[in-house]
>>> print(open('structure.cif').read())   # mmCIF, C-alpha atoms
data_work
loop_
_atom_site.group_PDB
_atom_site.id
_atom_site.type_symbol
_atom_site.label_atom_id
_atom_site.label_comp_id
_atom_site.auth_asym_id
_atom_site.auth_seq_id
_atom_site.Cartn_x
_atom_site.Cartn_y
_atom_site.Cartn_z
ATOM 1 C CA MET S 561 106.230 77.801 100.886
ATOM 2 C CA ASN S 562 103.743 76.523 103.383
ATOM 3 C CA ALA S 563 106.421 76.493 106.065
ATOM 4 C CA LEU S 564 107.296 80.088 105.242
ATOM 5 C CA THR S 565 103.668 81.131 105.543
ATOM 6 C CA GLN S 566 103.456 79.309 108.861
ATOM 7 C CA ALA S 567 106.601 80.998 110.109
ATOM 8 C CA LEU S 568 105.326 84.427 109.075
ATOM 9 C CA ALA S 569 101.955 83.766 110.688
ATOM 10 C CA ASN S 570 103.686 82.895 113.956
ATOM 11 C CA GLN S 571 105.692 86.134 113.827
ATOM 12 C CA THR S 572 102.755 88.534 114.017
ATOM 13 C CA PRO S 573 104.139 91.827 115.380
ATOM 14 C CA GLY S 574 103.495 92.280 119.085
ATOM 15 C CA LEU S 575 103.340 95.388 121.242
ATOM 16 C CA ASN S 576 107.121 95.706 121.454
ATOM 17 C CA HIS S 577 107.576 95.613 117.669
ATOM 18 C CA TRP S 578 105.212 98.530 117.262
ATOM 19 C CA LEU S 579 106.780 100.463 120.118
ATOM 20 C CA VAL S 580 110.271 99.996 118.685
ATOM 21 C CA LEU S 581 109.024 101.220 115.308
ATOM 22 C CA SER S 582 107.583 104.397 116.782
ATOM 23 C CA THR S 583 110.736 104.927 118.875
ATOM 24 C CA VAL S 584 112.894 104.638 115.751
ATOM 25 C CA LEU S 585 110.695 107.195 113.969
ATOM 26 C CA PHE S 586 110.881 109.514 116.980
ATOM 27 C CA SER S 587 114.684 109.226 117.094
ATOM 28 C CA ILE S 588 114.950 110.045 113.400
ATOM 29 C CA GLY S 589 112.805 113.106 113.995
ATOM 30 C CA LEU S 590 115.018 114.061 116.926
ATOM 31 C CA TYR S 591 118.103 113.780 114.724
ATOM 32 C CA GLY S 592 116.509 116.058 112.134
ATOM 33 C CA LEU S 593 115.464 118.520 114.828
ATOM 34 C CA LEU S 594 119.052 118.748 116.050
ATOM 35 C CA THR S 595 120.840 118.903 112.692
ATOM 36 C CA ARG S 596 118.592 120.837 110.307
ATOM 37 C CA ARG S 597 119.437 124.476 109.785
ATOM 38 C CA ASN S 598 116.405 125.557 107.798
ATOM 39 C CA ALA S 599 113.486 126.351 110.092
ATOM 40 C CA VAL S 600 110.993 124.653 107.768
ATOM 41 C CA GLY S 601 113.137 121.517 107.879
ATOM 42 C CA ILE S 602 113.001 121.615 111.665
ATOM 43 C CA LEU S 603 109.222 121.908 111.458
ATOM 44 C CA MET S 604 109.110 118.802 109.258
ATOM 45 C CA ALA S 605 111.258 116.863 111.735
ATOM 46 C CA VAL S 606 108.844 117.898 114.493
ATOM 47 C CA GLU S 607 105.988 116.576 112.369
ATOM 48 C CA VAL S 608 107.707 113.178 112.152
ATOM 49 C CA MET S 609 108.067 113.156 115.947
ATOM 50 C CA LEU S 610 104.425 114.128 116.524
ATOM 51 C CA ASN S 611 103.337 111.437 114.106
ATOM 52 C CA SER S 612 105.294 108.772 115.947
ATOM 53 C CA ALA S 613 103.768 109.899 119.255
ATOM 54 C CA ALA S 614 100.285 109.584 117.760
ATOM 55 C CA LEU S 615 101.210 106.122 116.480
ATOM 56 C CA ASN S 616 102.185 105.179 120.036
ATOM 57 C CA PHE S 617 98.758 106.202 121.330
ATOM 58 C CA VAL S 618 97.028 104.049 118.723
ATOM 59 C CA VAL S 619 99.328 101.094 119.428
ATOM 60 C CA PHE S 620 98.568 101.150 123.140
ATOM 61 C CA ASN S 621 94.882 101.562 122.339
ATOM 62 C CA TYR S 622 94.991 98.441 120.191
ATOM 63 C CA PHE S 623 96.981 96.200 122.514
ATOM 64 C CA VAL S 624 96.160 97.336 126.052
ATOM 65 C CA THR S 625 92.540 98.459 125.822
ATOM 66 C CA PRO S 626 91.073 96.769 122.749
ATOM 67 C CA GLY S 627 87.498 97.833 122.215
ATOM 68 C CA ALA S 628 88.067 101.282 123.753
ATOM 69 C CA PHE S 629 88.737 104.383 121.684
ATOM 70 C CA ASP S 630 90.548 106.766 124.038
ATOM 71 C CA GLY S 631 93.930 106.310 122.377
ATOM 72 C CA GLN S 632 92.493 107.069 118.962
ATOM 73 C CA ILE S 633 90.887 110.221 120.337
ATOM 74 C CA MET S 634 94.254 111.297 121.725
ATOM 75 C CA ALA S 635 95.748 110.738 118.269
ATOM 76 C CA ILE S 636 93.047 112.956 116.775
ATOM 77 C CA PHE S 637 93.937 115.666 119.289
ATOM 78 C CA VAL S 638 97.613 115.291 118.379
ATOM 79 C CA ILE S 639 96.710 115.797 114.715
ATOM 80 C CA ALA S 640 94.660 118.907 115.553
ATOM 81 C CA VAL S 641 97.463 120.382 117.652
ATOM 82 C CA ALA S 642 99.949 119.642 114.855
ATOM 83 C CA ALA S 643 97.718 121.534 112.439
ATOM 84 C CA ALA S 644 97.616 124.557 114.758
ATOM 85 C CA GLU S 645 101.372 124.358 115.238
ATOM 86 C CA VAL S 646 102.065 124.305 111.507
ATOM 87 C CA VAL S 647 99.803 127.326 110.910
ATOM 88 C CA VAL S 648 101.610 129.401 113.529
ATOM 89 C CA GLY S 649 105.012 128.094 112.441
ATOM 90 C CA MET S 650 104.401 129.003 108.829
ATOM 91 C CA ALA S 651 103.268 132.508 109.811
ATOM 92 C CA ILE S 652 106.373 133.001 111.934
ATOM 93 C CA PHE S 653 108.669 131.789 109.153
ATOM 94 C CA VAL S 654 107.055 134.093 106.606
ATOM 95 C CA ALA S 655 107.409 137.073 108.956
ATOM 96 C CA MET S 656 110.989 136.066 109.733
ATOM 97 C CA PHE S 657 111.841 135.747 106.060
ATOM 98 C CA ARG S 658 110.353 139.179 105.397
ATOM 99 C CA LEU S 659 112.503 140.677 108.119
ATOM 100 C CA ARG S 660 115.797 138.813 107.647
ATOM 101 C CA HIS S 661 115.530 137.293 104.140
ATOM 102 C CA SER S 662 116.510 133.932 105.556
ATOM 103 C CA VAL S 663 115.067 131.188 107.717
ATOM 104 C CA ASP S 664 118.448 129.753 108.667
ATOM 105 C CA VAL S 665 118.247 129.219 112.412
ATOM 106 C CA ASN S 666 121.976 129.884 112.806
ATOM 107 C CA ARG S 667 121.432 133.428 111.599
ATOM 108 C CA ILE S 668 118.355 134.176 113.676
ATOM 109 C CA ASP S 669 120.269 135.285 116.745
ATOM 110 C CA THR S 670 118.979 138.787 117.494
ATOM 111 C CA LEU S 671 118.281 137.896 121.106
ATOM 112 C CA LYS S 672 121.961 137.041 121.648
ATOM 113 C CA HIS S 673 123.217 140.523 120.823
ATOM 114 C CA MET X 1103 96.990 81.702 108.571
ATOM 115 C CA ILE X 1104 97.428 83.406 105.204
ATOM 116 C CA GLY X 1105 95.854 86.509 106.721
ATOM 117 C CA GLN X 1106 98.310 86.545 109.616
ATOM 118 C CA ALA X 1107 101.273 86.015 107.315
ATOM 119 C CA THR X 1108 100.106 88.905 105.147
ATOM 120 C CA TYR X 1109 99.698 91.030 108.275
ATOM 121 C CA THR X 1110 103.281 90.319 109.319
ATOM 122 C CA LEU X 1111 104.613 91.051 105.852
ATOM 123 C CA ALA X 1112 102.588 94.271 105.638
ATOM 124 C CA PHE X 1113 103.892 95.406 109.023
ATOM 125 C CA TYR X 1114 107.530 94.939 108.088
ATOM 126 C CA PHE X 1115 107.034 96.472 104.662
ATOM 127 C CA LEU X 1116 105.294 99.565 106.042
ATOM 128 C CA ALA X 1117 107.776 99.850 108.900
ATOM 129 C CA ALA X 1118 110.752 99.765 106.527
ATOM 130 C CA ALA X 1119 109.071 102.252 104.201
ATOM 131 C CA SER X 1120 108.294 104.704 106.993
ATOM 132 C CA VAL X 1121 111.802 104.500 108.461
ATOM 133 C CA LEU X 1122 113.455 105.042 105.067
ATOM 134 C CA LEU X 1123 111.141 107.919 104.212
ATOM 135 C CA ALA X 1124 111.708 109.500 107.634
ATOM 136 C CA LEU X 1125 115.462 109.297 107.021
ATOM 137 C CA ALA X 1126 114.876 111.066 103.718
ATOM 138 C CA VAL X 1127 112.871 113.766 105.529
ATOM 139 C CA VAL X 1128 115.766 114.604 107.826
ATOM 140 C CA ASN X 1129 118.652 114.101 105.368
ATOM 141 C CA GLU X 1130 117.404 115.336 102.012
ATOM 142 C CA ARG X 1131 119.139 118.552 101.033
ATOM 143 C CA LYS X 1132 116.337 119.790 98.808
ATOM 144 C CA LEU X 1133 113.494 120.768 101.098
ATOM 145 C CA LEU X 1134 110.752 120.137 98.577
ATOM 146 C CA ARG X 1135 111.907 116.533 98.258
ATOM 147 C CA ALA X 1136 111.935 116.290 102.018
ATOM 148 C CA ALA X 1137 108.333 117.514 102.023
ATOM 149 C CA VAL X 1138 107.367 114.798 99.542
ATOM 150 C CA ALA X 1139 109.109 112.232 101.753
ATOM 151 C CA LEU X 1140 107.176 113.609 104.742
ATOM 152 C CA MET X 1141 103.995 113.077 102.770
ATOM 153 C CA GLY X 1142 105.093 109.468 102.273
ATOM 154 C CA VAL X 1143 105.801 109.000 105.988
ATOM 155 C CA LEU X 1144 102.342 110.286 106.881
ATOM 156 C CA THR X 1145 100.589 108.156 104.248
ATOM 157 C CA VAL X 1146 102.419 105.043 105.418
ATOM 158 C CA SER X 1147 101.406 105.942 108.966
ATOM 159 C CA ALA X 1148 97.806 106.002 107.806
ATOM 160 C CA GLY X 1149 98.350 102.433 106.587
ATOM 161 C CA LEU X 1150 99.770 101.478 109.995
ATOM 162 C CA TYR X 1151 96.702 102.999 111.695
ATOM 163 C CA ALA X 1152 94.479 100.934 109.422
ATOM 164 C CA MET X 1153 96.431 97.822 110.435
ATOM 165 C CA LEU X 1154 95.730 98.689 114.073
ATOM 166 C CA GLY X 1155 91.994 98.771 113.427
ATOM 167 C CA ALA X 1156 91.740 102.578 113.420
ATOM 168 C CA GLU X 1157 90.232 103.101 109.988
ATOM 169 C CA PHE X 1158 88.614 106.410 110.860
ATOM 170 C CA LEU X 1159 91.902 107.728 112.178
ATOM 171 C CA ALA X 1160 93.635 106.596 108.978
ATOM 172 C CA GLY X 1161 91.134 108.647 107.001
ATOM 173 C CA VAL X 1162 91.626 111.662 109.247
ATOM 174 C CA GLN X 1163 95.375 111.271 108.890
ATOM 175 C CA VAL X 1164 95.202 111.368 105.106
ATOM 176 C CA LEU X 1165 92.709 114.233 105.028
ATOM 177 C CA VAL X 1166 94.298 116.513 107.623
ATOM 178 C CA TYR X 1167 97.970 115.583 107.640
ATOM 179 C CA VAL X 1168 98.640 114.675 104.018
ATOM 180 C CA GLY X 1169 96.034 116.975 102.525
ATOM 181 C CA GLY X 1170 96.392 119.954 104.823
ATOM 182 C CA ILE X 1171 99.575 120.075 106.837
ATOM 183 C CA VAL X 1172 101.949 118.965 104.080
ATOM 184 C CA VAL X 1173 100.414 121.532 101.726
ATOM 185 C CA LEU X 1174 100.958 124.206 104.375
ATOM 186 C CA ILE X 1175 104.578 123.099 104.729
ATOM 187 C CA VAL X 1176 105.053 123.277 100.965
ATOM 188 C CA PHE X 1177 103.623 126.801 101.095
ATOM 189 C CA ALA X 1178 106.087 127.650 103.850
ATOM 190 C CA ILE X 1179 108.948 126.317 101.700
ATOM 191 C CA MET X 1180 107.816 128.349 98.706
ATOM 192 C CA LEU X 1181 107.203 131.551 100.646
ATOM 193 C CA THR X 1182 110.602 131.449 102.294
ATOM 194 C CA ARG X 1183 112.373 130.587 99.029
ATOM 195 C CA SER X 1184 113.853 127.498 100.631
ATOM 196 C CA ALA X 1185 113.119 125.501 97.493
ATOM 197 C CA GLU X 1186 115.776 127.322 95.505
ATOM 198 C CA LEU X 1187 118.581 126.702 97.937
ATOM 199 C CA LEU X 1188 120.416 123.525 98.705
ATOM 200 C CA GLU X 1189 120.581 123.241 102.427
ATOM 201 C CA ASP X 1190 124.098 123.110 103.794
ATOM 202 C CA ARG X 1191 125.223 119.784 105.094
ATOM 203 C CA PRO X 1192 125.336 120.021 108.879
ATOM 204 C CA ASP X 1193 128.915 120.303 110.052
ATOM 205 C CA LYS X 1194 130.637 117.279 111.551
ATOM 206 C CA LEU X 1195 130.209 118.282 115.191
ATOM 207 C CA ARG X 1196 126.544 119.038 114.767
ATOM 208 C CA SER X 1197 125.634 115.835 112.977
ATOM 209 C CA ALA X 1198 127.763 113.741 115.343
ATOM 210 C CA LEU X 1199 126.043 115.354 118.327
ATOM 211 C CA GLY X 1200 122.631 114.808 116.796
ATOM 212 C CA ALA X 1201 123.418 111.184 115.974
ATOM 213 C CA VAL X 1202 124.780 110.478 119.448
ATOM 214 C CA LEU X 1203 121.780 112.052 121.157
ATOM 215 C CA SER X 1204 119.161 110.377 118.987
ATOM 216 C CA ILE X 1205 120.833 106.958 119.051
ATOM 217 C CA GLY X 1206 121.273 107.309 122.801
ATOM 218 C CA PHE X 1207 117.583 108.096 123.117
ATOM 219 C CA LEU X 1208 116.715 105.125 120.915
ATOM 220 C CA GLY X 1209 118.978 102.800 122.904
ATOM 221 C CA SER X 1210 117.678 103.883 126.281
ATOM 222 C CA VAL X 1211 114.034 103.583 125.250
ATOM 223 C CA VAL X 1212 114.596 100.141 123.698
ATOM 224 C CA TRP X 1213 116.416 99.070 126.862
ATOM 225 C CA VAL X 1214 113.483 100.232 129.002
ATOM 226 C CA LEU X 1215 111.068 98.429 126.676
ATOM 227 C CA LYS X 1216 113.052 95.206 126.936
ATOM 228 C CA SER X 1217 113.070 95.288 130.713
ATOM 229 C CA SER X 1218 109.415 96.174 131.197
ATOM 230 C CA THR X 1219 106.238 94.194 130.890
ATOM 231 C CA PHE X 1220 102.875 95.684 130.076
ATOM 232 C CA ALA X 1221 99.611 94.506 131.577
ATOM 233 C CA LEU X 1222 98.162 93.133 128.373
ATOM 234 C CA PRO X 1223 94.739 91.553 128.392
ATOM 235 C CA ALA X 1224 94.967 87.778 128.115
ATOM 236 C CA ALA X 1225 92.842 87.456 125.012
ATOM 237 C CA ALA X 1226 94.194 88.392 121.622
ATOM 238 C CA PRO X 1227 93.296 91.975 120.750
ATOM 239 C CA LEU X 1228 89.988 92.019 118.954
ATOM 240 C CA ALA X 1229 89.604 94.457 116.138
ATOM 241 C CA PRO X 1230 87.267 97.301 117.129
ATOM 242 C CA HIS X 1231 84.443 97.933 114.738
ATOM 243 C CA ASP X 1232 82.353 100.936 113.773
ATOM 244 C CA ASP X 1233 85.015 103.261 115.139
ATOM 245 C CA ALA X 1234 83.818 106.461 113.450
ATOM 246 C CA ARG X 1235 80.529 106.282 115.337
ATOM 247 C CA GLU X 1236 82.184 105.383 118.647
ATOM 248 C CA ILE X 1237 84.711 108.216 118.336
ATOM 249 C CA GLY X 1238 81.978 110.709 117.497
ATOM 250 C CA VAL X 1239 79.956 109.633 120.526
ATOM 251 C CA LEU X 1240 83.005 109.862 122.798
ATOM 252 C CA LEU X 1241 84.011 113.298 121.495
ATOM 253 C CA LEU X 1242 80.604 114.774 122.276
ATOM 254 C CA ASN X 1243 80.015 112.825 125.475
ATOM 255 C CA TYR X 1244 79.752 115.254 128.393
ATOM 256 C CA THR X 1245 79.917 112.720 131.204
ATOM 257 C CA SER X 1246 83.155 112.107 133.071
ATOM 258 C CA THR X 1247 84.363 109.576 130.478
ATOM 259 C CA GLY X 1248 83.716 111.843 127.520
ATOM 260 C CA TYR X 1249 85.930 114.320 125.717
ATOM 261 C CA VAL X 1250 83.646 117.249 125.035
ATOM 262 C CA LEU X 1251 85.773 119.742 126.993
ATOM 263 C CA PRO X 1252 89.068 118.995 125.197
ATOM 264 C CA PHE X 1253 87.096 118.981 121.962
ATOM 265 C CA GLU X 1254 85.825 122.501 122.600
ATOM 266 C CA ILE X 1255 89.225 123.699 123.804
ATOM 267 C CA ILE X 1256 90.919 122.343 120.680
ATOM 268 C CA SER X 1257 88.476 124.283 118.526
ATOM 269 C CA LEU X 1258 89.418 127.444 120.450
ATOM 270 C CA LEU X 1259 93.092 126.578 119.948
ATOM 271 C CA LEU X 1260 92.586 126.226 116.209
ATOM 272 C CA LEU X 1261 90.739 129.544 116.067
ATOM 273 C CA ALA X 1262 93.527 131.232 118.020
ATOM 274 C CA ALA X 1263 96.145 129.670 115.740
ATOM 275 C CA VAL X 1264 94.358 130.886 112.619
ATOM 276 C CA ILE X 1265 93.982 134.437 113.962
ATOM 277 C CA GLY X 1266 97.550 134.412 115.261
ATOM 278 C CA GLY X 1267 98.822 133.189 111.927
ATOM 279 C CA ILE X 1268 97.077 135.976 110.066
ATOM 280 C CA VAL X 1269 98.325 138.630 112.492
ATOM 281 C CA VAL X 1270 101.923 137.422 112.467
ATOM 282 C CA ALA X 1271 102.219 136.912 108.711
ATOM 283 C CA ARG X 1272 100.492 140.191 107.864
ATOM 284 C CA LYS X 1273 102.110 142.657 105.521
ATOM 285 C CA THR X 1274 102.741 145.271 108.229
ATOM 286 C CA ALA X 1275 103.612 144.191 111.705
ATOM 287 C CA PRO X 1276 101.198 145.610 114.283
ATOM 288 C CA ALA X 1277 103.979 147.626 115.956
ATOM 289 C CA GLU X 1278 104.582 149.591 112.775
ATOM 290 C CA GLN X 1279 101.030 150.784 112.497
ATOM 291 C CA PRO X 1280 99.916 154.102 113.937
ATOM 292 C CA PHE X 1281 98.473 153.691 117.391
ATOM 293 C CA THR X 1282 94.867 153.329 116.336
ATOM 294 C CA SER X 1283 92.600 150.452 115.751
ATOM 295 C CA GLY X 1284 94.171 150.369 112.316
ATOM 296 C CA GLY X 1285 90.736 150.401 110.818
ATOM 297 C CA ASP X 1286 90.064 146.919 112.130
ATOM 298 C CA LEU X 1287 87.368 147.927 114.555
ATOM 299 C CA ALA X 1288 85.655 150.684 112.628
ATOM 300 C CA GLY X 1289 83.731 149.819 109.517
ATOM 301 C CA GLU X 1290 86.334 151.380 107.256
ATOM 302 C CA ALA X 1291 88.069 149.193 104.738
ATOM 303 C CA ASP X 1292 91.221 147.792 106.237
ATOM 304 C CA PHE X 1293 92.486 146.425 102.969
ATOM 305 C CA GLU X 1294 94.223 149.772 102.477
ATOM 306 C CA VAL X 1295 96.946 149.216 105.018
ATOM 307 C CA PRO X 1296 99.023 152.404 105.272
ATOM 308 C CA ARG X 1297 102.341 151.731 103.642
ATOM 309 C CA THR X 1298 105.213 152.575 105.915
ATOM 310 C CA GLN X 1299 108.743 153.391 104.946
ATOM 311 C CA HIS X 1300 109.943 149.964 105.995
ATOM 312 C CA ASP X 1301 107.412 148.450 103.685
ATOM 313 C CA GLU X 1302 108.654 150.453 100.717
ATOM 314 C CA ALA X 1303 112.258 149.596 101.355
ATOM 315 C CA GLU X 1304 111.408 145.969 101.713
ATOM 316 C CA THR X 1305 109.500 145.635 98.458
ATOM 317 C CA GLY X 1306 112.418 147.404 96.807
ATOM 318 C CA VAL X 1307 114.733 144.709 98.057
ATOM 319 C CA ARG X 1308 112.389 141.952 97.088
ATOM 320 C CA GLN X 1309 111.999 142.933 93.468
#
>>> encode(input="structure.cif", output="structure tokens")
Amino acid sequence: MNALTQALANQTPGLNHWLVLSTVLFSIGLYGLLTRRNAVGILMAVEVMLNSAALNFVVFNYFVTPGAFDGQIMAIFVIAVAAAEVVVGMAIFVAMFRLRHSVDVNRIDTLKH
Amino acid sequence: MIGQATYTLAFYFLAAASVLLALAVVNERKLLRAAVALMGVLTVSAGLYAMLGAEFLAGVQVLVYVGGIVVLIVFAIMLTRSAELLEDRPDKLRSALGAVLSIGFLGSVVWVLKSSTFALPAAAPLAPHDDAREIGVLLLNYTSTGYVLPFEIISLLLLAAVIGGIVVARKTAPAEQPFTSGGDLAGEADFEVPRTQHDEAETGVRQ
């Protein structure tokens, strides 16, 4: 038990662990962005990607410039921009649904014809 | 030592939880469930922020993301009737392409991370303290190291997004209105939006 605790204490996650975690989250978001057909689903995948980018800012803040707060401020800006993006996205989807009765991105192809 | 072991365990637990929940966000066929999973991803991220010594940011994350953005997304799901439909499974080509691209991205980034070294400070990272106060001071600091200009610009962006959202999601699109101020500028009540033919037809379809 004590040895296990010691081993765990020696394995404290470093910068690369955190960066790999946020990269994995970003890739999952990318997969959703490419495969979802519902526009709201795409918006949710984009939220996952934005969140992982904000996590990256905080991670670099913590490891590279401890004691400074610039990375956290960038994360706050990312959150604010995400809020603005969701407001506009929701408005567009509601208008689109009113016009076409669907938010399937495969069927929103007016510009092609 | 116990503290460090707990830290390691908490990191792997939260990391696994966020990855699994993110997979649910992109794969769940019922969009409302995906929205709940997204809420989980964002809450777990708040925990990760707290582990990185950003307690204020964790609070902001819960308040704005979980409390605001997810609710907006749920509204979007409800208003577009996406909750009633099962989303189609993506066809084979599409999901294969998405998987190849995202795994390729993951592989290339991990490869770059493995082959690069970052200029880390020699000492172990010390946990910042009193971060709410420091962030507030930095946000309103108008010297060259402060962020007052982006702060003001982001407030303009939010205002523009709110106005744009109202205009876009309005009952009648601006192009369908007669070429007047539409009652917006004059003091007349603009709650009585003139109902156009399109409007009538549309409510007929909806009901």
>>> residues_around(input="structure.cif", residues="range 617-626 of chain S", least_positions_apart="6", cutoff="12 Å", atoms="all atoms listed in the file", output="PyMOL selection string")
(chain S and resi 573-582+610-611+632-639) or (chain X and resi 1147-1148+1150-1160+1219-1231+1233)
>>> resolve_selection(input="structure.cif", expression="the PyMOL selection byres ((chain X and resi 1145) around 9)", output="PyMOL selection string")
chain X and resi 1120+1140-1144+1146-1150+1160+1163-1164+1167-1168
>>> atom_distance(input="structure.cif", atom1="CA of Val1172 in chain X", atom2="CA of Val641 in chain S")
14.4 Å
>>> interface_residues(input="structure.cif", of="chain X", to="chain S", cutoff="7 Å", atoms="all atoms listed in the file", output="CSV table (one decimal) with C-alpha atoms, in the coordinates of the input")
chain,number,residue,atom,x,y,z
X,1103,MET,CA,97.0,81.7,108.6
X,1104,ILE,CA,97.4,83.4,105.2
X,1106,GLN,CA,98.3,86.5,109.6
X,1107,ALA,CA,101.3,86.0,107.3
X,1109,TYR,CA,99.7,91.0,108.3
X,1110,THR,CA,103.3,90.3,109.3
X,1117,ALA,CA,107.8,99.8,108.9
X,1121,VAL,CA,111.8,104.5,108.5
X,1124,ALA,CA,111.7,109.5,107.6
X,1125,LEU,CA,115.5,109.3,107.0
X,1128,VAL,CA,115.8,114.6,107.8
X,1133,LEU,CA,113.5,120.8,101.1
X,1154,LEU,CA,95.7,98.7,114.1
X,1159,LEU,CA,91.9,107.7,112.2
X,1171,ILE,CA,99.6,120.1,106.8
X,1178,ALA,CA,106.1,127.6,103.8
X,1179,ILE,CA,108.9,126.3,101.7
X,1181,LEU,CA,107.2,131.6,100.6
X,1182,THR,CA,110.6,131.4,102.3
X,1192,PRO,CA,125.3,120.0,108.9
X,1196,ARG,CA,126.5,119.0,114.8
X,1197,SER,CA,125.6,115.8,113.0
X,1200,GLY,CA,122.6,114.8,116.8
X,1201,ALA,CA,123.4,111.2,116.0
X,1204,SER,CA,119.2,110.4,119.0
X,1205,ILE,CA,120.8,107.0,119.1
X,1207,PHE,CA,117.6,108.1,123.1
X,1208,LEU,CA,116.7,105.1,120.9
X,1212,VAL,CA,114.6,100.1,123.7
X,1222,LEU,CA,98.2,93.1,128.4
X,1223,PRO,CA,94.7,91.6,128.4
X,1227,PRO,CA,93.3,92.0,120.8
X,1228,LEU,CA,90.0,92.0,119.0
X,1230,PRO,CA,87.3,97.3,117.1
X,1237,ILE,CA,84.7,108.2,118.3
X,1260,LEU,CA,92.6,126.2,116.2
X,1263,ALA,CA,96.1,129.7,115.7
X,1264,VAL,CA,94.4,130.9,112.6
X,1266,GLY,CA,97.6,134.4,115.3
X,1267,GLY,CA,98.8,133.2,111.9
X,1270,VAL,CA,101.9,137.4,112.5
X,1271,ALA,CA,102.2,136.9,108.7
>>> atom_distance(input="structure.cif", atom1="CA of Leu1242 in chain X", atom2="CA of Ile1255 in chain X")
12.5 Å
>>> atom_distance(input="structure.cif", atom1="CA of Ile1265 in chain X", atom2="CA of Leu1241 in chain X")
24.6 Å
>>> residues_around(input="structure.cif", residues="Arg1131 in chain X", least_positions_apart="3", cutoff="9 Å", atoms="all atoms listed in the file", output="PyMOL selection string")
chain X and resi 1128+1134-1136+1187-1191
>>> closest_residue(input="structure.cif", among="X:Ala1234, X:Val1138, X:Ile1268, X:Val1214", to="Val1173 in chain X", atoms="all atoms listed in the file")
X:Val1138
